[in-house]
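Structure file start_37.cif; described as mmCIF, C-alpha atoms.
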```cif
data_final
#
loop_
_atom_site.label_atom_id
_atom_site.label_comp_id
_atom_site.auth_asym_id
_atom_site.auth_seq_id
_atom_site.Cartn_x
_atom_site.Cartn_y
_atom_site.Cartn_z
CA MET V 156 0.00 0.00 0.00
CA THR V 157 1.27 3.49 -0.81
CA HIS V 158 0.58 7.02 0.43
CA HIS V 159 -1.77 7.32 -2.54
CA ASP V 160 -4.00 4.30 -1.90
CA LEU V 161 -5.81 5.57 1.20
CA PRO V 162 -6.78 8.99 -0.22
CA ALA V 163 -8.03 7.32 -3.40
CA THR V 164 -10.02 4.91 -1.24
CA PHE V 165 -11.52 7.76 0.75
CA LEU V 166 -12.55 9.51 -2.44
CA THR V 167 -14.10 6.31 -3.77
CA GLU V 168 -16.08 5.85 -0.56
CA ARG V 169 -17.10 9.47 -0.29
CA PHE V 170 -18.14 10.05 -3.87
CA THR V 171 -19.80 6.79 -4.83
CA ASN V 172 -23.33 7.13 -6.09
CA ALA V 173 -26.18 5.77 -4.00
CA ASP V 174 -25.42 2.33 -5.45
CA GLY V 175 -21.84 2.40 -4.17
CA ASP V 176 -20.83 -0.55 -2.07
CA GLU V 177 -18.04 -2.14 -0.12
CA ASP V 178 -16.57 -3.79 -3.22
CA MET V 179 -16.09 -0.37 -4.84
CA VAL V 180 -14.27 0.88 -1.75
CA ILE V 181 -12.03 -2.20 -1.65
CA GLY V 182 -11.43 -1.76 -5.40
CA GLY V 183 -10.41 1.83 -4.67
CA LEU V 184 -8.00 0.68 -1.99
CA LEU V 185 -6.43 -1.96 -4.23
CA HIS V 186 -6.68 -0.08 -7.54
CA ASP V 187 -2.90 -0.03 -8.12
CA ALA V 188 -2.05 -3.39 -6.56
CA ALA V 189 -2.00 -5.52 -9.71
CA GLU V 190 -0.45 -2.83 -11.90
CA ASP V 191 2.38 -2.14 -9.46
CA GLN V 192 2.81 -5.47 -7.69
CA GLY V 193 2.58 -8.62 -9.76
CA GLY V 194 0.17 -8.17 -12.64
CA GLU V 195 -2.22 -11.00 -13.45
CA ALA V 196 -0.99 -13.16 -10.57
CA ARG V 197 -1.77 -10.39 -8.07
CA LEU V 198 -5.11 -9.78 -9.77
CA HIS V 199 -6.02 -13.47 -9.41
CA ASP V 200 -5.07 -13.29 -5.72
CA ILE V 201 -7.33 -10.24 -5.27
CA GLY V 202 -10.21 -12.10 -6.92
CA THR V 203 -9.69 -15.09 -4.65
CA ARG V 204 -9.54 -12.98 -1.51
CA TYR V 205 -12.13 -10.29 -2.23
CA GLY V 206 -14.32 -11.60 -5.03
CA THR V 207 -14.71 -11.08 -8.74
CA ASP V 208 -16.30 -7.62 -8.45
CA VAL V 209 -13.22 -6.25 -6.67
CA GLU V 210 -10.99 -8.06 -9.16
CA ASP V 211 -12.94 -6.42 -12.00
CA TYR V 212 -12.55 -2.93 -10.48
CA VAL V 213 -8.81 -3.42 -10.06
CA ARG V 214 -8.44 -4.80 -13.61
CA ALA V 215 -10.38 -1.85 -15.02
CA CYS V 216 -8.21 0.65 -13.13
CA SER V 217 -4.97 -0.89 -14.43
CA ASP V 218 -3.31 0.22 -17.62
CA TYR V 219 -0.69 -2.54 -17.44
CA LEU V 220 -0.78 -6.03 -15.91
CA GLY V 221 2.66 -7.43 -16.66
CA ASP V 222 4.63 -9.27 -14.00
CA ASP V 223 7.25 -6.55 -13.70
CA PRO V 224 6.11 -2.92 -13.55
CA SER V 225 9.33 -1.53 -15.07
CA PRO V 226 9.03 -2.63 -18.74
CA LYS V 227 5.63 -1.03 -19.35
CA PRO V 228 4.70 -0.30 -22.95
CA PRO V 229 5.10 3.30 -24.16
CA TRP V 230 3.02 5.82 -22.22
CA ARG V 231 0.71 7.27 -24.91
CA PRO V 232 -0.47 3.97 -26.50
CA ARG V 233 -0.93 2.50 -23.00
CA LYS V 234 -3.10 5.45 -21.92
CA GLU V 235 -5.08 5.44 -25.18
CA ALA V 236 -5.88 1.76 -24.71
CA TYR V 237 -6.87 2.40 -21.08
CA LEU V 238 -9.21 5.22 -22.09
CA ALA V 239 -10.79 3.08 -24.81
CA ARG V 240 -11.45 0.32 -22.27
CA LEU V 241 -12.80 2.78 -19.72
CA LEU V 242 -15.44 3.95 -22.20
CA ASN V 243 -16.99 0.48 -22.01
CA GLU V 244 -16.95 0.19 -18.23
CA SER V 245 -19.83 0.68 -15.78
CA VAL V 246 -20.47 3.91 -13.90
CA ALA V 247 -19.28 2.20 -10.73
CA THR V 248 -15.98 1.22 -12.33
CA VAL V 249 -15.43 4.68 -13.81
CA THR V 250 -16.19 6.14 -10.36
CA VAL V 251 -13.41 4.06 -8.79
CA SER V 252 -11.02 5.11 -11.56
CA MET V 253 -11.95 8.80 -11.27
CA ALA V 254 -11.35 8.82 -7.52
CA ASP V 255 -7.79 7.77 -8.34
CA LYS V 256 -7.51 10.46 -11.01
CA VAL V 257 -8.80 13.21 -8.67
CA HIS V 258 -6.19 12.34 -6.08
CA ASN V 259 -3.40 12.15 -8.67
CA ALA V 260 -4.35 15.47 -10.27
CA ARG V 261 -4.65 17.21 -6.91
CA SER V 262 -1.20 15.91 -5.98
CA ILE V 263 0.24 17.36 -9.20
CA ILE V 264 -1.35 20.74 -8.45
CA THR V 265 -0.04 20.71 -4.89
CA ASP V 266 3.47 20.01 -6.11
CA LEU V 267 3.26 22.76 -8.76
CA HIS V 268 2.00 25.25 -6.18
CA ASN V 269 4.92 24.28 -3.94
CA GLY V 270 7.40 24.97 -6.71
CA LEU V 271 8.05 21.38 -7.72
CA TRP V 272 8.14 20.59 -11.43
CA VAL V 273 6.71 17.09 -11.05
CA PHE V 274 6.68 16.30 -14.75
CA ASP V 275 10.35 15.34 -14.71
CA LYS V 276 9.38 12.10 -12.97
CA PHE V 277 6.59 11.30 -15.44
CA LYS V 278 6.84 9.47 -18.73
CA ALA V 279 4.82 12.16 -20.52
CA ALA V 280 5.08 15.86 -21.25
CA PRO V 281 2.83 18.17 -19.25
CA GLU V 282 0.56 18.68 -22.24
CA ASP V 283 0.12 14.93 -22.64
CA THR V 284 -0.63 14.54 -18.95
CA ILE V 285 -3.28 17.25 -19.19
CA TRP V 286 -4.71 15.55 -22.31
CA TYR V 287 -4.97 12.29 -20.37
CA TYR V 288 -6.75 13.81 -17.36
CA THR V 289 -9.05 15.81 -19.65
CA SER V 290 -9.93 12.58 -21.47
CA CYS V 291 -10.67 10.88 -18.15
CA LEU V 292 -12.90 13.81 -17.19
CA GLU V 293 -14.80 13.55 -20.48
CA ILE V 294 -15.42 9.86 -19.88
CA ALA V 295 -16.64 10.54 -16.34
CA GLN V 296 -19.02 13.17 -17.67
CA ALA V 297 -20.28 10.90 -20.46
CA LYS V 298 -20.86 8.08 -17.95
CA SER V 299 -22.74 10.44 -15.58
CA VAL V 300 -20.39 9.86 -12.68
CA SER V 301 -21.57 11.78 -9.64
CA PRO V 302 -21.00 15.55 -9.88
CA ALA V 303 -19.52 15.28 -6.40
CA LEU V 304 -16.55 13.56 -8.07
CA VAL V 305 -16.67 15.14 -11.53
CA THR V 306 -16.53 18.72 -10.19
CA PRO V 307 -13.30 18.14 -8.21
CA LEU V 308 -11.81 16.49 -11.29
CA GLU V 309 -12.82 19.46 -13.46
CA ARG V 310 -11.19 21.81 -10.96
CA ALA V 311 -8.09 19.66 -10.74
CA VAL V 312 -7.67 19.50 -14.53
CA GLN V 313 -8.09 23.27 -14.75
CA GLY V 314 -5.66 23.75 -11.88
CA MET V 315 -3.12 21.53 -13.59
CA SER V 316 -3.49 23.49 -16.84
CA ASP V 317 -3.18 26.80 -15.02
CA GLY V 318 -0.17 25.59 -13.03
CA VAL V 319 1.66 24.44 -16.13
CA ALA V 320 0.80 27.65 -18.01
CA ALA V 321 2.03 29.83 -15.14
CA TRP V 322 5.23 27.90 -14.55
CA PRO V 323 7.60 29.97 -16.75
CA GLU V 324 6.49 33.09 -14.89
CA ARG V 325 7.38 31.60 -11.50
CA LYS V 326 10.94 32.79 -11.08
CA SER V 327 10.93 33.91 -7.45
CA ALA V 328 12.54 32.04 -4.58
CA SER V 329 9.05 31.30 -3.28
CA ALA V 330 8.48 29.06 -6.30
CA ALA V 331 11.51 26.92 -5.49
CA PRO V 332 11.18 23.87 -3.30
CA LEU V 333 11.39 24.91 0.34
CA SER V 334 14.47 22.80 0.94
CA GLN V 335 16.35 24.65 -1.84
CA ALA V 336 15.15 28.09 -0.76
CA SER V 337 16.12 27.50 2.87
CA GLN V 338 19.59 26.31 1.82
CA GLY V 339 20.24 29.36 -0.34
CA LYS V 340 20.33 27.29 -3.55
CA VAL V 341 17.90 29.48 -5.45
#
```
Output the file's structure as structure tokens, nothing else.
Amino acid sequence: MTHHDLPATFLTERFTNADGDEDMVIGGLLHDAAEDQGGEARLHDIGTRYGTDVEDYVRACSDYLGDDPSPKPPWRPRKEAYLARLLNESVATVTVSMADKVHNARSIITDLHNGLWVFDKFKAAPEDTIWYYTSCLEIAQAKSVSPALVTPLERAVQGMSDGVAAWPERKSASAAPLSQASQGKV
């Protein structure tokens, strides 16, 4: 479990529609488990332990299910395939996925606001990342995911776009990571 799994779980639990259930929340908690820790074998284990509905949520939230997370296919084709699959998923499944996306996008915004150019650690340019989150938002809207989750995602996508657009103008010491500013490295 990572620092990301619990907030994504909370968002899944908080923003599920009236038909939300325990399996969705467990799917939210485990949404990255198969992708990051063992692929299909981990997914089978999840199905055995928690049932096929949870296994289906985790599968639908994964863009890669290889045994080793390091040799993933190229970013853009992997994300395009994920989005195409997501279009055919249930509202419940898209809700679990969007809770993950809201937390990820908010984390990007927080880092940008704290002067951290997070895109260096990503496999995609900022514009591609924004394209991906915008595409996820469009799917959530088309699937009629609860506005209680869609609205934060809309705000997060806009915040990400604004943060990236404003970045070249951020040249003050306050835009540098606090550790660098306090050490006089700015």
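Put simply, CA of Glu190 (chain V) is 5.1 Å away from CA of Leu220 (chain V).
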Selection result of the PyMOL selection byres ((chain V and resi 201) around 12) on this file, as an MDAnalysis selection string: chainID V and resid 178 181:182 184:189 192:200 202:214
Hey, could you make a per-residue contact list for region 221-244 of chain V against region 249-272 of chain V with 10 Å as the cut-off, showing the nearest pair of atoms and its distance in Å to one decimal, counting all atoms listed in the file, sorted by chain and number, as a tab-separated table?
```
residue	atom	partner	partner_atom	distance
V:Leu241	CA	V:Val249	CA	6.7
V:Leu242	CA	V:Val249	CA	8.4
V:Asn243	CA	V:Val249	CA	9.3
V:Glu244	CA	V:Val249	CA	6.5
```
Interatomic distance, CA of Val319 (chain V) to CA of Ala295 (chain V) (Å, one decimal): 23.0 Å
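The residue that comes closest to Ala280 (chain V), out of V:Tyr219, V:Arg231, V:Lys298, V:Arg310 and on the basis of only C-alpha atoms, is V:Arg231.
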Could you please fill out region 271-293 of chain V with N, CA, C and O atoms and send it back as a PDB file, in the coordinates of the input?
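Ended up saving to result.pdb:
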```pdb
ATOM      1  N   LEU V 271       7.424  22.618  -7.262  1.00  0.00           N
ATOM      2  CA  LEU V 271       8.050  21.380  -7.720  1.00  0.00           C
ATOM      3  C   LEU V 271       7.562  21.055  -9.128  1.00  0.00           C
ATOM      4  O   LEU V 271       6.363  20.894  -9.354  1.00  0.00           O
ATOM      5  N   TRP V 272       8.483  20.952 -10.057  1.00  0.00           N
ATOM      6  CA  TRP V 272       8.140  20.590 -11.430  1.00  0.00           C
ATOM      7  C   TRP V 272       8.067  19.073 -11.491  1.00  0.00           C
ATOM      8  O   TRP V 272       9.032  18.372 -11.791  1.00  0.00           O
ATOM      9  N   VAL V 273       6.897  18.525 -11.202  1.00  0.00           N
ATOM     10  CA  VAL V 273       6.710  17.090 -11.050  1.00  0.00           C
ATOM     11  C   VAL V 273       6.820  16.319 -12.349  1.00  0.00           C
ATOM     12  O   VAL V 273       7.005  15.102 -12.330  1.00  0.00           O
ATOM     13  N   PHE V 274       6.734  16.997 -13.469  1.00  0.00           N
ATOM     14  CA  PHE V 274       6.680  16.300 -14.750  1.00  0.00           C
ATOM     15  C   PHE V 274       8.003  15.642 -15.123  1.00  0.00           C
ATOM     16  O   PHE V 274       8.032  14.801 -16.007  1.00  0.00           O
ATOM     17  N   ASP V 275       9.078  16.006 -14.453  1.00  0.00           N
ATOM     18  CA  ASP V 275      10.350  15.340 -14.710  1.00  0.00           C
ATOM     19  C   ASP V 275      10.302  13.855 -14.329  1.00  0.00           C
ATOM     20  O   ASP V 275      11.037  13.052 -14.874  1.00  0.00           O
ATOM     21  N   LYS V 276       9.449  13.500 -13.392  1.00  0.00           N
ATOM     22  CA  LYS V 276       9.380  12.100 -12.970  1.00  0.00           C
ATOM     23  C   LYS V 276       8.334  11.305 -13.755  1.00  0.00           C
ATOM     24  O   LYS V 276       8.195  10.113 -13.554  1.00  0.00           O
ATOM     25  N   PHE V 277       7.614  11.963 -14.644  1.00  0.00           N
ATOM     26  CA  PHE V 277       6.590  11.300 -15.440  1.00  0.00           C
ATOM     27  C   PHE V 277       7.164  10.844 -16.776  1.00  0.00           C
ATOM     28  O   PHE V 277       8.192  11.313 -17.226  1.00  0.00           O
ATOM     29  N   LYS V 278       6.426   9.971 -17.427  1.00  0.00           N
ATOM     30  CA  LYS V 278       6.840   9.470 -18.730  1.00  0.00           C
ATOM     31  C   LYS V 278       6.181  10.242 -19.864  1.00  0.00           C
ATOM     32  O   LYS V 278       6.238   9.847 -21.012  1.00  0.00           O
ATOM     33  N   ALA V 279       5.538  11.362 -19.525  1.00  0.00           N
ATOM     34  CA  ALA V 279       4.820  12.160 -20.520  1.00  0.00           C
ATOM     35  C   ALA V 279       5.061  13.640 -20.276  1.00  0.00           C
ATOM     36  O   ALA V 279       5.306  14.056 -19.146  1.00  0.00           O
ATOM     37  N   ALA V 280       4.974  14.402 -21.346  1.00  0.00           N
ATOM     38  CA  ALA V 280       5.080  15.860 -21.250  1.00  0.00           C
ATOM     39  C   ALA V 280       3.863  16.400 -20.513  1.00  0.00           C
ATOM     40  O   ALA V 280       2.810  15.751 -20.478  1.00  0.00           O
ATOM     41  N   PRO V 281       3.978  17.589 -19.952  1.00  0.00           N
ATOM     42  CA  PRO V 281       2.830  18.170 -19.250  1.00  0.00           C
ATOM     43  C   PRO V 281       1.564  18.229 -20.108  1.00  0.00           C
ATOM     44  O   PRO V 281       0.475  17.918 -19.628  1.00  0.00           O
ATOM     45  N   GLU V 282       1.724  18.586 -21.364  1.00  0.00           N
ATOM     46  CA  GLU V 282       0.560  18.680 -22.240  1.00  0.00           C
ATOM     47  C   GLU V 282      -0.118  17.329 -22.442  1.00  0.00           C
ATOM     48  O   GLU V 282      -1.346  17.240 -22.524  1.00  0.00           O
ATOM     49  N   ASP V 283       0.677  16.271 -22.507  1.00  0.00           N
ATOM     50  CA  ASP V 283       0.120  14.930 -22.640  1.00  0.00           C
ATOM     51  C   ASP V 283      -0.583  14.494 -21.352  1.00  0.00           C
ATOM     52  O   ASP V 283      -1.631  13.836 -21.389  1.00  0.00           O
ATOM     53  N   THR V 284      -0.003  14.854 -20.227  1.00  0.00           N
ATOM     54  CA  THR V 284      -0.630  14.540 -18.950  1.00  0.00           C
ATOM     55  C   THR V 284      -1.977  15.241 -18.829  1.00  0.00           C
ATOM     56  O   THR V 284      -2.973  14.633 -18.414  1.00  0.00           O
ATOM     57  N   ILE V 285      -2.021  16.498 -19.228  1.00  0.00           N
ATOM     58  CA  ILE V 285      -3.280  17.250 -19.190  1.00  0.00           C
ATOM     59  C   ILE V 285      -4.283  16.637 -20.171  1.00  0.00           C
ATOM     60  O   ILE V 285      -5.472  16.502 -19.852  1.00  0.00           O
ATOM     61  N   TRP V 286      -3.823  16.232 -21.351  1.00  0.00           N
ATOM     62  CA  TRP V 286      -4.710  15.550 -22.310  1.00  0.00           C
ATOM     63  C   TRP V 286      -5.316  14.307 -21.669  1.00  0.00           C
ATOM     64  O   TRP V 286      -6.530  14.062 -21.793  1.00  0.00           O
ATOM     65  N   TYR V 287      -4.496  13.525 -20.975  1.00  0.00           N
ATOM     66  CA  TYR V 287      -4.970  12.290 -20.370  1.00  0.00           C
ATOM     67  C   TYR V 287      -6.040  12.578 -19.307  1.00  0.00           C
ATOM     68  O   TYR V 287      -7.112  11.953 -19.311  1.00  0.00           O
ATOM     69  N   TYR V 288      -5.769  13.505 -18.407  1.00  0.00           N
ATOM     70  CA  TYR V 288      -6.750  13.810 -17.360  1.00  0.00           C
ATOM     71  C   TYR V 288      -8.014  14.450 -17.936  1.00  0.00           C
ATOM     72  O   TYR V 288      -9.116  14.191 -17.451  1.00  0.00           O
ATOM     73  N   THR V 289      -7.885  15.243 -18.977  1.00  0.00           N
ATOM     74  CA  THR V 289      -9.050  15.810 -19.650  1.00  0.00           C
ATOM     75  C   THR V 289      -9.883  14.694 -20.273  1.00  0.00           C
ATOM     76  O   THR V 289     -11.119  14.702 -20.189  1.00  0.00           O
ATOM     77  N   SER V 290      -9.227  13.723 -20.879  1.00  0.00           N
ATOM     78  CA  SER V 290      -9.930  12.580 -21.470  1.00  0.00           C
ATOM     79  C   SER V 290     -10.657  11.773 -20.397  1.00  0.00           C
ATOM     80  O   SER V 290     -11.803  11.337 -20.603  1.00  0.00           O
ATOM     81  N   CYS V 291     -10.015  11.583 -19.261  1.00  0.00           N
ATOM     82  CA  CYS V 291     -10.670  10.880 -18.150  1.00  0.00           C
ATOM     83  C   CYS V 291     -11.903  11.658 -17.696  1.00  0.00           C
ATOM     84  O   CYS V 291     -12.971  11.069 -17.458  1.00  0.00           O
ATOM     85  N   LEU V 292     -11.768  12.960 -17.575  1.00  0.00           N
ATOM     86  CA  LEU V 292     -12.900  13.810 -17.190  1.00  0.00           C
ATOM     87  C   LEU V 292     -14.053  13.666 -18.169  1.00  0.00           C
ATOM     88  O   LEU V 292     -15.216  13.520 -17.770  1.00  0.00           O
ATOM     89  N   GLU V 293     -13.752  13.688 -19.460  1.00  0.00           N
ATOM     90  CA  GLU V 293     -14.800  13.550 -20.480  1.00  0.00           C
ATOM     91  C   GLU V 293     -15.522  12.214 -20.373  1.00  0.00           C
ATOM     92  O   GLU V 293     -16.749  12.145 -20.545  1.00  0.00           O
TER      93      GLU V 293
END
```
